Amino acid sequence: MQQLLNPFAQKYPEAVDSTLSSQAVSVQFNPCGPFAGHYLAVGGSDGLVEVWDVETRGVVRVLEGHVKAVKGLSWSKNNRYLLTSSQDSTAIIWDLSILSHPLLNPQTPSSSSSSSKLPSSSSPRKCTIRFDAPLLGASFHPRNSKIVLAVLSIGEVVLVDLRKEGGGRWKLEDVVEGEEDQADAEGETVGRKRSSMACAVFSPCGSRIYAGTTGGMLLVIDPLTRYVLQRVKVANASIRQLSFDASGQHLITSASDRALRLLSVHPLTSALTPLHRFQDLVNRTPWHAIGFSGDGEYVMGGAGHKMAHNVFVWDRESGVLVKVLEGPKEPLLDCDWHPTRPVIASVATSGDVHIWQTSLPDNWAAFAPGFEELEENVEYDEREDEFDIEDETELNRRKDLEEDLFIDVLSPQEDSYPRRPQPILSLPPNLQSTGTGIGTGDNANEQDRVELEKYVRSLSAVKDWADREDDEDGWEGFYLSLDLLEEVEDEDENGS
Amino acid sequence: MAIPAPPPETMPNETEPSSEAGPSTGLPKYKLAQTLSAHSRGVTALRFSPDGKVLVSAGADGWLHFWEPKTGEHIRSLRCHKTGINDISISPDSLYIATASDDCTSTIHLLHPPNSASSTPPPPLRILSSHTAPILSIAFSPKSNLLVTGSFDESAIIWDVRRGKALRVLPAHADAIWCVGWDAEGGMVLTASADGLIRLWDANNGQCLKTLDNDTNSPVSFATLTPSSSFLLSSTLSSTLRVYNIHTSKVLKTLRAPGIFISERYPCPAIVFPHYAEEPTHSIKREGDAMDVDADVDVEGIPNGHGHVPNGSTRRRTKPEAWVVTGSENGKLIIWDLQTKRVLQVLEGHQSPLVAIAVHPDGKTIASGSLEVEKVVKLWRDD
């Protein structure tokens, strides 16, 4: 379908298309799968979590469990589970496949695989994780919803493994392998420990944890050993937020010095290279939300103005500001970019969620069969045989011959929707073979290769660790079934 | 109405071909298994539920009948319209069934309602009324959250199932819309009309994306996107099936069977379904080029891009063949091989025109329903 859309259409939104009235403080589109971006999770200031159907602008799930504002939302690998984290110091994992009515048992590949599920568990709440302090956010491991990364407001990052085997809870520390013994001896280490972690995310392939500290450091952590692999000074101020693009190759940080920094991430070594720095020099805007467009071509910054509702859009490649979306005069709390379309959802302090879209010009050419719109006039060259009169049997024979090719009508298109990236599990081919010419002669090259092999081994160890114990979220086509036995009240009729 | 390919099953007995049939030729061998009669007027639509547990037949008498697909046993019945039902759709999660009726409305019911002693039929969960003429076709979106209906009033409507309200009206065609459908990801709607055109629409904003025509301008009685969503199978009232590439608008295959397949007056669905060869097949002759591509093994197999003669162990994992089944006005069912355009089997038994057809998700059972005077459902099985 993507191929039928106008390739020259604008790739970022223009104006508010509709407003969903809610009590929102946070929003998140489901990022992956055939139905990527079809749902919008909305965390409420009162602790209520809603899942909206983006197509119908209707609430398909209301999840009651939190008692304070829900700041963090995270979708599992194939969207079956939703992780919500709240200021009431709990995180809850919801199973969205469960409908509360006992009569409704959706028949899907995911439900048949989890037939062991007790019929009495008609509550969608799968699991509640309690913490010592209010949560700023929590996210699922991209490969397994039984691994959760939580960021506490007291500057702690906790990795929670809910699996029966090898499960546990670990507070992540700024410790490099082999360093802990001599930690007290060195003043520098002590000094470093004073800066606490302010944000943390998994890389989109799930191989690494990236954490930002109050001292402006970016830490790359191995989730399996929980040792810090890299430490990069990014800013001279506290890093408040981190966000990856869908491919995991770019990372944007938001720091308390009101600058956004774009870095590129090496997929194998996770080496970080600074690319651009974005700032609103006129107003010195603090940023409340950051992110990328679905294709990673644009960087989004939700401005924290007191009197305006603005979303800044920069071109990632050139670093140029391409658009400032100006909304109603109420401050912005959070925003998220749709994974496949030029659509942004933003939350205002009033609790309303604004959906930004482009206005599409009517494509009249699509109504006429065999009609093609041209960008500019071209001189038409008549084909040699265009007006030849041909024998009908000959024509049919040729047509028959033309139709004699194989077409694969049954396999679904593989790359037609966004998926989570896979970790790199083998060396690039130009480094793989050992005995090719320079291999023996060039020592430095050989060393590089050994080094890279170490990375590959470590990445595949993390993948094996994460893939242990299935979380019954293996069906890519998961969607939320509707409960039609429940009457729809008229009051939630608040589309556009 | 194309059926997505289920994962290939492992065939334990592949070394022992059934003795009486000799080595399997890979040809369909459907035989009449049951004849079901319950409708007092013609059978207009048939659907197997996506979970394969129930077969639903709809009739011009306004009744739905529910059948056990394996035994043909009558489970229950439901009268949901006073006028005839033209089409039905079962939600992909097998929870709900929607009807399209001559009374200009559609209703949504539970597919598996609780057993109740009361004789009064349960009221519909939703009634969709906006069309101004009989509704001819209805289809649930892949996510079960939207319905699209096509009507005699020349418009198509996308419905919000949860609210039971029209979400978007597609000012679609210059004549009745006989068929509607979705792509596999629910982003695109198709409408096929008696004006001879098939249109594709962006379900999100109602924009027309593409229009396909046919060289004889015949009314399009049926159209469906194949699981790969790049191809579209259509049936026109000129006894012709066509496979289009929707991006280039080119017709890639034309299926005809003069004298056997006749579709001039009544629209009958055509269904693409996968057939997995059970063992190494030798009798299927193909052009060399086609063989090359076709022999490509599936994701899990060993990639042998140009292996001419795959051995038995890889052959089991080869891509399924695409078969097409449709019904004819002379009561015959025709099964084609979509690639070779060859008629593989003709099933005879019905005495009246066929307008309803369905294939069980496992591909082993085909159901067909006939109009008056016969008005029966027949189950055909290939075991």
# chains A, B, ... in the order shown; residues from 1 in each chain; ligands from 1
call {"tool": "residues_around", "arguments": {"residues": "Arg162 in chain B", "least_positions_apart": "2", "cutoff": "8 Å", "atoms": "only C-alpha atoms", "output": "list in words"}}
result
Gly58, Leu482, Asp483, Leu484 and Val488 of chain A; Asn145, Asp160 and Gly164 of chain B
call {"tool": "interface_residues", "arguments": {"of": "chain A", "to": "chain B", "cutoff": "8 Å", "atoms": "only C-alpha atoms", "output": "MDAnalysis selection string"}}
result
chainID A and resid 1 3:5 34:35 55:56 58 103:108 362:364 366:370 402:413 479:485 488
call {"tool": "residues_around", "arguments": {"residues": "Val324 in chain A", "least_positions_apart": "3", "cutoff": "9 Å", "atoms": "only C-alpha atoms", "output": "PyMOL selection string"}}
result
chain A and resi 14+310-314+321
call {"tool": "residues_around", "arguments": {"residues": "Met300 in chain A", "least_positions_apart": "3", "cutoff": "12 Å", "atoms": "only C-alpha atoms", "output": "PyMOL selection string"}}
result
chain A and resi 12-13+243-245+251-254+260-262+278-279+287-294+296-297+303+310-316+319-325+334-338+342-346
call {"tool": "atom_distance", "arguments": {"atom1": "CA of Pro28 in chain B", "atom2": "CA of Glu68 in chain B"}}
result
22.7 Å
call {"tool": "atom_distance", "arguments": {"atom1": "CA of Val70 in chain A", "atom2": "CA of Pro31 in chain A"}}
result
19.1 Å
call {"tool": "residues_around", "arguments": {"residues": "Ala100 in chain B", "least_positions_apart": "6", "cutoff": "7 Å", "atoms": "only C-alpha atoms", "output": "PyMOL selection string"}}
result
chain B and resi 85-88+106+135-138
call {"tool": "write_last_selection", "arguments": {"atoms": "C-alpha atoms", "output": "CSV table (one decimal), in the first residue's frame"}}
result
chain,number,residue,atom,x,y,z
B,85,ILE,CA,-29.3,-11.3,3.4
B,86,ASN,CA,-26.8,-10.6,0.6
B,87,ASP,CA,-23.5,-11.1,2.4
B,88,ILE,CA,-22.0,-11.9,5.7
B,106,SER,CA,-26.4,-4.3,8.6
B,135,ILE,CA,-26.4,-3.6,1.0
B,136,LEU,CA,-24.7,-6.1,-1.2
B,137,SER,CA,-21.3,-6.7,0.4
B,138,ILE,CA,-19.8,-6.4,3.9
call {"tool": "select_by_dssp", "arguments": {"residues": "range 126-362 of chain A", "states": "strand (DSSP E)", "output": "number ranges by chain"}}
result
A: 126-130, 135-140, 147-152, 157-161, 168-171, 197-202, 209-213, 217-221, 228-233, 239-244, 250-255, 259-265, 272-279, 287-292, 298-303, 310-315, 321-326, 332-337, 344-348, 353-357
call {"tool": "atom_distance", "arguments": {"atom1": "CA of Val151 in chain A", "atom2": "CA of Val228 in chain A"}}
result
16.8 Å
call {"tool": "residues_around", "arguments": {"residues": "Ile357 in chain B", "least_positions_apart": "5", "cutoff": "9 Å", "atoms": "only C-alpha atoms", "output": "VMD selection string"}}
result
chain B and resid 44 to 47 268 to 271 325 to 327 366 to 369
